[in-house]
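Undergrad: Sharing a structure here in C-alpha cells format.
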Amino acid sequence: MYTLNISGHHVQSGEEVQEVVKEKMDHLSRINNQITSIKVILNTEKHDIHELIVEASVHIPGHDLFATVKTDKQLKPALDLLVGKLEKQLIKYKAKHVGRQHHI
C-alpha cells in the first residue's frame, strides 16, 4: 500500500479530481507493489495560453521516479500521458532489478 499526496497550485483539486488521480495512480501500484508513496502536483501557467502541468514523483525503496506532462486544460489525457511515462520507468526499473539479490 502506498500514500498518495495530491496538491494543486492555481488549480482546484476537489474530490472528483482527487478520485480521478487516485484511480490513475492505482494502475501504477498494480505494475509494482513496492511503491511506498506517490506525490502528484497539478499546476496551471497563464502565459499566452493556459497550460496544465501535471507532475508526479513515485518512491520505491532505494529509488525515486519522476515525470511531468504539459498540456492544455484536459486533466484525464494529461494523467494518461503521465501514467504512461511512469509505467515505462517502472517496467524498466523492474526489469533491471529482477533477480538481483542484495548481499549483506
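All residue names refer to the C-alpha cells as shown: chains lettered A, B, ... in order, residues numbered from 1 in each chain, ligands numbered from 1 in order.
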From a backbone DSSP assignment, name each residue in chain A labelled alpha helix (DSSP H), as number ranges by chain.

TA: A: 15-31, 75-97

Undergrad: Might you pull out every residue within 9 Å of range 31-37 of chain A, with only C-alpha atoms counted and same-chain residues fewer than 6 positions away left off, and present them as an MDAnalysis selection string?

TA: chainID A and resid 1:5 57:61 87 90:91 94

Undergrad: Going by DSSP on the backbone, which bits of chain A are strand (DSSP E)? Write them as a count of residues only, please.

TA: 37

Undergrad: Using only C-alpha atoms, which protein or nucleic acid residues come within 7 Å of Leu42 in chain A? Drop anything in the same chain fewer than 3 positions from it, and give the result as a PyMOL selection string.

TA: chain A and resi 7-9+11+53-55

Undergrad: Those same residues, written as a PDB file, in the first residue's frame with N, CA and C atoms?

TA:
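Heads up, here's the output in result.pdb:
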```
ATOM      1  N   SER A   7      -1.553  17.755  -4.577  1.00  0.00           N
ATOM      2  CA  SER A   7      -1.630  19.186  -4.287  1.00  0.00           C
ATOM      3  C   SER A   7      -1.827  19.939  -5.590  1.00  0.00           C
ATOM      4  N   GLY A   8      -2.413  21.110  -5.473  1.00  0.00           N
ATOM      5  CA  GLY A   8      -2.682  21.925  -6.643  1.00  0.00           C
ATOM      6  C   GLY A   8      -2.206  23.344  -6.440  1.00  0.00           C
ATOM      7  N   HIS A   9      -1.545  23.870  -7.449  1.00  0.00           N
ATOM      8  CA  HIS A   9      -1.127  25.270  -7.454  1.00  0.00           C
ATOM      9  C   HIS A   9      -1.918  25.960  -8.554  1.00  0.00           C
ATOM     10  N   VAL A  11      -4.905  25.516  -9.069  1.00  0.00           N
ATOM     11  CA  VAL A  11      -5.862  24.519  -9.553  1.00  0.00           C
ATOM     12  C   VAL A  11      -6.697  24.058  -8.367  1.00  0.00           C
ATOM     13  N   ILE A  53      -0.051  21.637 -16.056  1.00  0.00           N
ATOM     14  CA  ILE A  53       1.186  20.903 -15.815  1.00  0.00           C
ATOM     15  C   ILE A  53       0.905  19.905 -14.702  1.00  0.00           C
ATOM     16  N   VAL A  54       1.154  18.644 -14.999  1.00  0.00           N
ATOM     17  CA  VAL A  54       0.952  17.585 -14.017  1.00  0.00           C
ATOM     18  C   VAL A  54       2.293  16.915 -13.776  1.00  0.00           C
ATOM     19  N   GLU A  55       2.708  16.896 -12.511  1.00  0.00           N
ATOM     20  CA  GLU A  55       3.976  16.282 -12.140  1.00  0.00           C
ATOM     21  C   GLU A  55       3.708  15.190 -11.122  1.00  0.00           C
TER      22      GLU A  55
END
```

Undergrad: From the options A:Arg30, A:His63, A:Lys76, A:Lys70, which residue's atoms come nearest to Tyr93 in chain A, counting only C-alpha atoms?

TA: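 Between A:Arg30, A:His63, A:Lys76, A:Lys70, the residue approaching Tyr93 in chain A most closely is A:His63.
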
Undergrad: Which residues are close to Leu82 in chain A, i.e. within 12 Å by only C-alpha atoms, leaving aside same-chain residues fewer than 2 positions away? Reply as number ranges by chain.

TA: A: 21, 24-25, 27-28, 40-42, 53-58, 65-71, 75-80, 84-89
